[in-house]
>>> print(open('my_file-v4.csv').read())   # CSV, C-alpha atoms
chain,number,residue,atom,x,y,z
A,168,MET,CA,0.0,0.0,0.0
A,169,ARG,CA,2.9,2.4,0.6
A,170,GLN,CA,4.3,1.9,-2.9
A,171,PRO,CA,2.8,5.0,-4.5
A,172,ILE,CA,4.9,7.3,-2.3
A,173,LEU,CA,8.1,6.2,-4.0
A,174,GLU,CA,6.7,5.9,-7.5
A,175,ASP,CA,5.6,9.5,-7.6
A,176,VAL,CA,8.9,10.9,-6.5
A,177,SER,CA,10.3,10.9,-10.0
A,178,GLU,CA,9.6,14.6,-9.8
A,179,HIS,CA,11.8,15.4,-6.8
A,180,TYR,CA,12.7,19.0,-5.9
A,181,SER,CA,16.2,19.9,-6.8
A,182,GLY,CA,18.9,19.4,-4.1
A,183,ALA,CA,19.4,23.2,-3.7
A,184,ALA,CA,15.6,23.8,-3.3
A,185,ILE,CA,15.5,21.1,-0.6
A,186,ALA,CA,18.5,22.5,1.2
A,187,LEU,CA,17.2,26.0,1.2
A,188,HIS,CA,13.7,24.9,2.2
A,189,TRP,CA,15.0,23.1,5.3
A,190,LEU,CA,17.5,25.8,6.1
A,191,THR,CA,14.6,28.3,6.1
A,192,ALA,CA,12.5,26.0,8.3
A,193,ALA,CA,15.3,25.7,10.9
A,194,LEU,CA,16.0,29.5,10.8
A,195,ILE,CA,12.3,30.2,11.3
A,196,VAL,CA,11.8,27.8,14.2
A,197,ALA,CA,15.0,29.2,15.8
A,198,ASN,CA,14.0,32.8,15.4
A,199,LEU,CA,10.4,32.5,16.5
A,200,SER,CA,11.6,30.8,19.7
A,201,LEU,CA,14.3,33.3,20.2
A,202,GLY,CA,12.0,36.2,19.5
A,203,LEU,CA,9.4,35.0,22.1
A,204,SER,CA,12.1,34.2,24.7
A,205,MET,CA,14.1,37.4,24.3
A,206,VAL,CA,11.2,39.8,24.8
A,207,ALA,CA,10.4,38.0,28.1
A,208,LEU,CA,14.0,38.6,29.5
A,209,PRO,CA,14.7,41.4,31.9
A,210,ILE,CA,16.9,44.0,30.4
A,211,SER,CA,20.5,42.8,30.6
A,212,PRO,CA,23.5,42.3,28.3
A,213,ARG,CA,22.2,38.9,27.4
A,214,LYS,CA,18.9,40.4,26.2
A,215,LEU,CA,20.8,42.8,24.0
A,216,GLN,CA,22.9,39.9,22.6
A,217,TRP,CA,19.7,37.9,21.8
A,218,PHE,CA,18.2,40.8,20.0
A,219,LEU,CA,21.3,41.2,17.9
A,220,VAL,CA,21.2,37.5,17.0
A,221,HIS,CA,17.5,37.6,16.3
A,222,LYS,CA,18.1,40.4,13.8
A,223,TRP,CA,20.9,38.5,12.1
A,224,ILE,CA,18.8,35.4,11.7
A,225,GLY,CA,15.9,37.5,10.4
A,226,ILE,CA,18.1,39.2,7.7
A,227,THR,CA,19.4,35.7,6.9
A,228,VAL,CA,15.9,34.5,6.3
A,229,PHE,CA,15.3,37.4,4.0
A,230,LEU,CA,18.5,36.6,2.0
A,231,VAL,CA,17.8,32.9,1.8
A,232,THR,CA,14.2,33.6,0.6
A,233,CYS,CA,15.6,35.8,-2.1
A,234,ALA,CA,18.0,33.0,-3.1
A,235,ARG,CA,15.1,30.5,-3.1
A,236,LEU,CA,12.9,32.7,-5.4
A,237,ALA,CA,15.9,33.2,-7.7
A,238,TRP,CA,16.5,29.5,-7.7
A,239,ARG,CA,12.8,28.8,-8.4
A,240,TRP,CA,13.0,31.1,-11.4
A,241,TYR,CA,16.2,29.4,-12.7
A,242,ARG,CA,15.0,25.9,-11.9
A,243,PRO,CA,11.2,25.7,-11.8
A,244,VAL,CA,9.6,23.5,-9.2
A,245,PRO,CA,8.3,20.1,-10.3
A,246,PRO,CA,4.6,20.0,-11.3
A,247,PRO,CA,2.2,19.5,-8.5
A,248,VAL,CA,1.3,16.0,-7.4
A,249,ALA,CA,-2.1,14.8,-8.5
A,250,MET,CA,-4.7,16.2,-6.0
A,251,PRO,CA,-8.1,17.9,-6.2
A,252,ASP,CA,-8.1,21.4,-7.7
A,253,TRP,CA,-9.1,23.2,-4.5
A,254,GLN,CA,-6.1,21.6,-2.7
A,255,ARG,CA,-3.7,22.6,-5.5
A,256,ARG,CA,-5.0,26.2,-5.5
A,257,SER,CA,-4.9,26.4,-1.7
A,258,ALA,CA,-1.3,25.1,-1.6
A,259,ALA,CA,-0.2,27.6,-4.3
A,260,THR,CA,-1.9,30.5,-2.3
A,261,ALA,CA,-0.3,29.3,1.0
A,262,HIS,CA,3.1,29.0,-0.6
A,263,ALA,CA,2.9,32.5,-2.2
A,264,LEU,CA,1.8,33.9,1.2
A,265,LEU,CA,4.7,32.2,3.0
A,266,TYR,CA,7.2,33.7,0.6
A,267,VAL,CA,5.6,37.1,1.1
A,268,LEU,CA,5.8,36.8,4.9
A,269,LEU,CA,9.4,35.6,4.7
A,270,LEU,CA,10.3,38.7,2.9
A,271,VAL,CA,8.0,41.2,4.7
A,272,ILE,CA,8.7,40.1,8.3
A,273,PRO,CA,12.4,40.7,8.3
A,274,ILE,CA,11.9,44.1,6.7
A,275,SER,CA,9.2,44.9,9.3
A,276,GLY,CA,11.7,44.0,12.0
A,277,TRP,CA,14.4,46.1,10.3
A,278,VAL,CA,12.1,49.2,10.1
A,279,TYR,CA,11.0,48.6,13.7
A,280,SER,CA,14.6,48.5,14.8
A,281,SER,CA,15.3,51.7,12.9
A,282,ALA,CA,12.3,53.4,14.5
A,283,THR,CA,13.6,52.5,18.0
A,284,GLY,CA,16.9,54.2,17.1
A,285,VAL,CA,18.9,50.9,17.0
A,286,GLN,CA,20.9,50.3,13.9
A,287,VAL,CA,21.0,46.8,12.4
A,288,VAL,CA,24.5,45.5,11.7
A,289,TYR,CA,24.3,42.2,9.9
A,290,LEU,CA,26.5,39.6,11.6
A,291,GLY,CA,28.1,42.5,13.4
A,292,LEU,CA,29.9,43.3,10.2
A,293,VAL,CA,27.6,44.9,7.7
A,294,PRO,CA,25.8,48.0,8.9
A,295,LEU,CA,22.4,48.4,7.2
A,296,PRO,CA,21.0,51.8,6.7
A,297,ASP,CA,18.3,53.1,9.0
A,298,LEU,CA,15.0,52.9,7.1
A,299,VAL,CA,13.2,55.5,9.2
A,300,PRO,CA,14.4,58.0,11.8
A,301,LYS,CA,14.0,57.2,15.5
A,302,ASN,CA,10.3,57.7,16.3
A,303,LYS,CA,8.7,56.2,19.4
A,304,GLU,CA,5.0,56.3,18.2
A,305,LEU,CA,6.0,54.7,14.9
A,306,ALA,CA,8.1,52.1,16.8
A,307,ALA,CA,5.0,51.1,18.8
A,308,VAL,CA,3.0,50.6,15.7
A,309,LEU,CA,5.8,48.6,14.0
A,310,ARG,CA,6.2,46.4,17.0
A,311,ILE,CA,2.6,45.3,16.8
A,312,THR,CA,2.9,44.9,13.1
A,313,HIS,CA,6.0,42.7,13.5
A,314,VAL,CA,4.4,40.6,16.1
A,315,THR,CA,1.1,40.2,14.2
A,316,LEU,CA,2.9,39.2,11.0
A,317,ASN,CA,4.7,36.6,13.0
A,318,PHE,CA,1.5,35.2,14.4
A,319,ALA,CA,0.2,35.0,10.8
A,320,LEU,CA,3.4,33.2,9.8
A,321,PHE,CA,3.1,30.8,12.7
A,322,THR,CA,-0.5,30.0,11.8
A,323,LEU,CA,0.3,29.5,8.2
A,324,LEU,CA,3.3,27.2,9.1
A,325,CYS,CA,1.0,25.0,11.2
A,326,VAL,CA,-1.4,24.7,8.2
A,327,HIS,CA,1.7,24.0,5.9
A,328,VAL,CA,3.0,21.3,8.2
A,329,ALA,CA,-0.5,19.8,8.8
A,330,ALA,CA,-1.1,19.7,5.0
A,331,ALA,CA,2.3,18.0,4.4
A,332,LEU,CA,1.6,15.4,7.0
A,333,LYS,CA,-2.0,14.9,5.8
A,334,HIS,CA,-0.6,14.2,2.2
A,335,HIS,CA,2.1,11.9,3.5
A,336,PHE,CA,0.1,9.8,6.0
A,337,GLY,CA,-3.5,10.4,4.8
A,338,ASP,CA,-3.3,10.6,1.0
A,339,ARG,CA,0.0,8.7,0.9
A,340,ASP,CA,1.2,10.8,-2.0
A,341,ALA,CA,4.7,12.2,-2.7
A,342,VAL,CA,4.1,15.8,-1.6
A,343,LEU,CA,6.3,15.5,1.5
A,344,ALA,CA,8.7,12.9,0.3
A,345,ARG,CA,9.8,14.9,-2.7
A,346,MET,CA,10.9,17.7,-0.4
A,347,LEU,CA,12.8,15.3,1.9
A,348,PRO,CA,16.6,15.3,1.6
A,349,ILE,CA,17.1,11.6,2.3
A,350,VAL,CA,14.1,9.7,0.8
A,351,LYS,CA,15.1,9.3,-2.8
A,352,PRO,CA,13.5,6.7,-5.0
A,353,LYS,CA,15.6,3.6,-5.3
A,354,GLU,CA,16.7,2.7,-8.8
B,47,MET,CA,-4.2,74.5,46.1
B,48,MET,CA,-0.9,72.7,46.5
B,49,VAL,CA,-2.0,70.0,44.1
B,50,PHE,CA,-3.0,72.7,41.6
B,51,LEU,CA,0.4,74.4,42.0
B,52,ARG,CA,2.2,71.1,41.7
B,53,ALA,CA,0.3,70.4,38.5
B,54,LEU,CA,1.1,73.8,37.2
B,55,LEU,CA,4.8,73.7,38.0
B,56,PRO,CA,6.0,71.6,35.1
B,57,LEU,CA,4.1,74.0,32.8
B,58,LEU,CA,5.7,77.0,34.3
B,59,LEU,CA,9.1,75.4,34.0
B,60,PHE,CA,8.4,74.5,30.5
B,61,ALA,CA,7.3,78.1,29.7
B,62,LEU,CA,10.5,79.4,31.4
B,63,ALA,CA,12.6,77.0,29.3
B,64,GLY,CA,10.8,78.4,26.2
B,65,HIS,CA,12.4,81.9,26.7
B,66,ALA,CA,15.4,81.1,28.7
B,67,GLY,CA,18.3,83.4,27.8
B,68,ALA,CA,18.6,86.7,26.2
B,69,GLN,CA,18.6,85.3,22.7
B,70,GLY,CA,15.9,82.8,23.4
B,71,VAL,CA,16.7,79.2,22.6
B,72,LEU,CA,13.8,77.9,20.4
B,73,VAL,CA,13.2,74.7,22.3
B,74,ASP,CA,10.9,73.2,19.7
B,75,LYS,CA,13.6,73.5,17.0
B,76,SER,CA,16.5,72.5,19.2
B,77,ASP,CA,17.5,69.2,20.6
B,78,ILE,CA,20.0,67.3,22.7
B,79,ARG,CA,20.7,63.8,21.3
B,80,PHE,CA,23.3,61.2,21.7
B,81,VAL,CA,24.6,58.1,20.0
B,82,SER,CA,26.5,55.3,21.5
B,83,LYS,CA,27.1,51.6,20.7
B,84,GLN,CA,25.8,48.5,22.2
B,85,MET,CA,27.7,45.4,21.1
B,86,GLY,CA,29.1,47.3,18.1
B,87,VAL,CA,25.7,48.6,17.0
B,88,ASN,CA,24.8,52.3,17.0
B,89,PHE,CA,21.8,53.3,19.1
B,90,GLU,CA,20.4,56.8,19.6
B,91,GLY,CA,18.5,58.6,22.2
B,92,ARG,CA,17.6,62.1,23.2
B,93,PHE,CA,16.4,64.1,26.2
B,94,ARG,CA,12.9,65.4,26.0
B,95,ASN,CA,13.2,68.1,28.7
B,96,TRP,CA,16.0,70.5,29.3
B,97,LYS,CA,16.6,74.1,30.0
B,98,ALA,CA,19.1,76.3,28.4
B,99,ASN,CA,20.4,79.7,29.2
B,100,VAL,CA,22.5,80.9,26.3
B,101,VAL,CA,24.0,84.3,25.7
B,102,PHE,CA,26.1,84.2,22.7
B,103,LEU,CA,27.9,87.3,21.5
B,104,PRO,CA,30.4,86.5,18.8
B,105,ASN,CA,32.2,89.8,19.3
B,106,ASP,CA,32.2,89.6,23.1
B,107,LEU,CA,33.0,86.0,24.0
B,108,ALA,CA,34.0,87.0,27.5
B,109,ARG,CA,30.4,88.0,28.3
B,110,SER,CA,29.0,85.0,26.4
B,111,LYS,CA,27.8,82.0,28.3
B,112,ALA,CA,25.9,78.7,27.9
B,113,GLU,CA,24.2,76.8,30.7
B,114,PHE,CA,22.2,73.7,30.4
B,115,ASP,CA,20.1,71.7,32.8
B,116,ILE,CA,19.0,68.3,31.5
B,117,ASP,CA,16.2,66.4,33.1
B,118,LEU,CA,17.8,62.9,32.9
B,119,ALA,CA,14.5,61.1,33.6
B,120,SER,CA,13.2,62.6,30.3
B,121,ILE,CA,15.5,60.3,28.3
B,122,ASP,CA,14.1,58.8,25.2
B,123,LEU,CA,15.6,55.4,24.4
B,124,GLU,CA,14.5,52.5,22.2
B,125,SER,CA,12.1,50.9,24.8
B,126,ASP,CA,10.3,51.6,28.0
B,127,ASP,CA,12.4,48.8,29.5
B,128,SER,CA,15.7,50.6,28.7
B,129,GLU,CA,14.3,53.9,29.9
B,130,SER,CA,13.4,52.6,33.3
B,131,GLU,CA,16.7,50.7,33.5
B,132,ILE,CA,18.8,53.8,32.7
B,133,LYS,CA,17.0,55.8,35.4
B,134,GLY,CA,18.1,53.2,38.0
B,135,PRO,CA,21.1,53.3,40.3
B,136,LEU,CA,23.5,51.5,38.0
B,137,TRP,CA,23.0,54.2,35.4
B,138,PHE,CA,21.8,57.8,36.0
B,139,ASP,CA,20.2,57.1,39.4
B,140,THR,CA,17.7,59.9,38.7
B,141,ALA,CA,16.1,59.5,42.1
B,142,LYS,CA,19.3,61.0,43.6
B,143,PHE,CA,20.7,62.9,40.6
B,144,PRO,CA,17.8,64.1,38.5
B,145,VAL,CA,19.7,66.7,36.6
B,146,ALA,CA,22.8,66.9,34.4
B,147,HIS,CA,24.3,70.3,34.4
B,148,PHE,CA,26.7,72.1,32.0
B,149,ALA,CA,28.1,75.5,32.6
B,150,SER,CA,30.5,77.2,30.3
B,151,ALA,CA,33.6,78.7,31.7
B,152,SER,CA,35.1,80.2,28.5
B,153,MET,CA,34.5,80.4,24.8
B,154,LYS,CA,37.1,80.9,22.1
B,155,SER,CA,36.9,81.4,18.3
B,156,LEU,CA,38.4,78.8,16.1
B,157,GLY,CA,37.9,81.0,13.0
B,158,ALA,CA,35.1,81.1,10.4
B,159,ASP,CA,31.9,80.4,12.4
B,160,LYS,CA,33.7,77.9,14.6
B,161,PHE,CA,34.0,78.2,18.3
B,162,GLU,CA,34.9,76.2,21.2
B,163,VAL,CA,32.9,76.2,24.4
B,164,SER,CA,34.8,75.0,27.5
B,165,GLY,CA,33.0,74.3,30.7
B,166,GLN,CA,32.1,71.8,33.3
B,167,LEU,CA,29.7,68.9,32.9
B,168,THR,CA,28.2,67.5,36.0
B,169,ILE,CA,26.4,64.2,35.9
B,170,LYS,CA,25.6,61.9,38.9
B,171,GLY,CA,27.6,64.1,41.2
B,172,VAL,CA,30.8,64.0,39.1
B,173,ALA,CA,32.1,67.2,37.6
B,174,LYS,CA,34.5,67.0,34.6
B,175,ASN,CA,35.8,69.5,32.1
B,176,ALA,CA,34.3,69.3,28.7
B,177,ASN,CA,35.3,71.1,25.5
B,178,VAL,CA,32.6,71.4,22.9
B,179,PRO,CA,33.4,72.6,19.4
B,180,ILE,CA,30.5,74.5,17.9
B,181,SER,CA,29.8,75.5,14.4
B,182,LEU,CA,27.3,78.3,13.6
B,183,LYS,CA,25.1,79.1,10.7
B,184,LYS,CA,22.0,81.1,10.0
B,185,ASP,CA,18.7,79.6,9.0
B,186,ALA,CA,16.2,81.1,6.6
B,187,ALA,CA,14.4,82.8,9.5
B,188,GLY,CA,17.5,84.6,10.6
B,189,ASN,CA,18.0,82.4,13.6
B,190,THR,CA,21.4,81.3,14.7
B,191,VAL,CA,21.9,77.6,14.5
B,192,ALA,CA,24.6,76.2,16.7
B,193,ASP,CA,25.7,72.6,16.4
B,194,GLY,CA,28.1,71.1,18.8
B,195,THR,CA,29.4,67.5,19.1
B,196,PHE,CA,31.5,66.1,21.9
B,197,THR,CA,32.2,62.8,23.5
B,198,VAL,CA,31.4,61.8,27.0
B,199,LYS,CA,33.1,58.8,28.6
B,200,ARG,CA,30.2,57.4,30.5
B,201,LEU,CA,32.4,55.5,33.0
B,202,ASP,CA,34.0,58.8,34.0
B,203,TYR,CA,30.7,59.6,35.6
B,204,GLY,CA,29.9,56.2,36.9
B,205,ILE,CA,27.1,55.7,34.3
B,206,GLY,CA,26.5,52.0,33.7
B,207,LEU,CA,28.0,50.1,36.5
B,208,GLY,CA,28.0,46.4,37.6
B,209,LEU,CA,27.0,44.1,34.8
B,210,TRP,CA,27.0,47.1,32.4
B,211,ALA,CA,30.5,48.3,33.1
B,212,ASP,CA,31.9,46.1,30.3
B,213,THR,CA,32.5,48.5,27.3
B,214,GLU,CA,32.1,45.6,24.8
B,215,THR,CA,28.5,45.5,25.9
B,216,VAL,CA,27.9,49.3,25.9
B,217,ALA,CA,30.7,51.5,24.6
B,218,ASN,CA,32.3,54.0,27.0
B,219,ASP,CA,32.1,56.7,24.3
B,220,VAL,CA,28.8,58.5,24.1
B,221,VAL,CA,28.7,61.1,21.4
B,222,VAL,CA,26.4,64.0,22.4
B,223,ARG,CA,25.0,66.2,19.7
B,224,VAL,CA,23.7,69.5,20.8
B,225,HIS,CA,21.6,71.4,18.2
B,226,MET,CA,20.4,74.8,19.4
B,227,VAL,CA,18.4,77.3,17.4
B,228,LEU,CA,18.7,80.8,18.9
B,229,SER,CA,16.3,83.6,17.9
B,230,PRO,CA,18.1,86.8,16.9
B,231,ALA,CA,19.3,88.9,19.7
B,232,LYS,CA,17.0,91.8,20.6
>>> encode(input="my_file-v4.csv", output="structure tokens")
Amino acid sequence: MRQPILEDVSEHYSGAAIALHWLTAALIVANLSLGLSMVALPISPRKLQWFLVHKWIGITVFLVTCARLAWRWYRPVPPPVAMPDWQRRSAATAHALLYVLLLVIPISGWVYSSATGVQVVYLGLVPLPDLVPKNKELAAVLRITHVTLNFALFTLLCVHVAAALKHHFGDRDAVLARMLPIVKPKE
Amino acid sequence: MMVFLRALLPLLLFALAGHAGAQGVLVDKSDIRFVSKQMGVNFEGRFRNWKANVVFLPNDLARSKAEFDIDLASIDLESDDSESEIKGPLWFDTAKFPVAHFASASMKSLGADKFEVSGQLTIKGVAKNANVPISLKKDAAGNTVADGTFTVKRLDYGIGLGLWADTETVANDVVVRVHMVLSPAK
């Protein structure tokens, strides 16, 4: 009964696409956890350090997402696995929204940091320009924006993961398998 | 009555600040900002409330003077957390030392609209000499715009002690930028 999983995998994602996908996944899980923990810390040098790292990871997510979109354009993704139309359309919409959020959320964090008067220096090496001047009222709005966008991302990620698991264990199709780095079809 | 007066006092002080000094520092157009680094990253802040008493006579520097009282609790930083931390005993300790004071002792010309104001800066009970180079220009309304930048070593004043004393975490150098707009002398 499990045979179809492997037969459909002829259209596997490319190695680079898989690597970038799972790198993004790891970065997002790390940064969501870091973001939630750091805001709960009392003010201290450690808190400042965590904020710095949070910003580095966020900018990295932005860069990796740009790389993914460029790679997608250069090497289009395999055609969708057979599934009902509504599922295909929902998946396409969800993926597009995920890309948008992965680009918009780091930028919202960067603008927020600028509005608080704290520069972003990527990896402690590359100073990024301040996008807006220091402005407390704007910072308060941007904080809520950044947090809300992240809740949207988290919700969408849950749907994304649930759908992948449903396809894998429920429909037993290749949706998840073709994005896994190890499960390759045997010759 | 006392309550009423107490409520009125800040307004009175604010009004006084509005026309302190013969030339009148235009408080709305002026500001006192600073930039420092935390873990290599620039961060900015400013003071919302301060009073200035400036008499600037380019041709009579001996009679010129500049005095500032800065309400340290009016600091504007990146978050409310940081603001309440910096008012605490490890930093400004505003409960004991609410005001930073600068008083000029002398001014000298450095040529072509450049001057140097020397005086004493007192923060947290510590008084140190400070030399502030100033450049002057006129704005469209005929006001005199004075910009001065100088560096304060925070640890000289015991600002940021204990777990904050490490200058890798918060730099010792704090660059203070004073931007004053003075209405024309009457």
>>> interface_residues(input="my_file-v4.csv", of="chain A", to="chain B", cutoff="6 Å", atoms="all atoms listed in the file", output="compact mmCIF listing (two decimals) with C-alpha atoms, in the coordinates of the input")
# COMPACT_ATOMS: atom_id res chain seq x y z
CA THR A 283 13.60 52.50 18.00
CA GLY A 284 16.90 54.20 17.10
CA VAL A 285 18.90 50.90 17.00
CA GLN A 286 20.90 50.30 13.90
>>> atom_distance(input="my_file-v4.csv", atom1="atom CA of A:Leu298", atom2="atom CA of A:Trp277")
7.5 Å
>>> residues_around(input="my_file-v4.csv", residues="stretch 179-182 of chain B", least_positions_apart="2", cutoff="10 Å", atoms="all atoms listed in the file", output="VMD selection string")
chain B and resid 153 to 164 176 to 177 184 to 185 190 to 196 224 to 227
>>> closest_residue(input="my_file-v4.csv", among="A:Ala207, A:Ala331, A:Val196, A:Ala237", to="A:Asn317", atoms="only C-alpha atoms")
A:Val196
>>> residues_near_point(input="my_file-v4.csv", point="(8.3, 30.4, 17.8)", cutoff="12 Å", atoms="all atoms listed in the file", output="PyMOL selection string")
chain A and resi 192-205+221+314+317-322+324-325
>>> residues_around(input="my_file-v4.csv", residues="B:Phe148", least_positions_apart="6", cutoff="7 Å", atoms="only C-alpha atoms", output="PDB file with C-alpha atoms, in the coordinates of the input")
ATOM      1  CA  GLU B 113      24.200  76.800  30.700  1.00  0.00           C
ATOM      2  CA  PHE B 114      22.200  73.700  30.400  1.00  0.00           C
ATOM      3  CA  ASP B 115      20.100  71.700  32.800  1.00  0.00           C
ATOM      4  CA  GLY B 165      33.000  74.300  30.700  1.00  0.00           C
ATOM      5  CA  GLN B 166      32.100  71.800  33.300  1.00  0.00           C
ATOM      6  CA  LEU B 167      29.700  68.900  32.900  1.00  0.00           C
ATOM      7  CA  THR B 168      28.200  67.500  36.000  1.00  0.00           C
TER       8      THR B 168
END
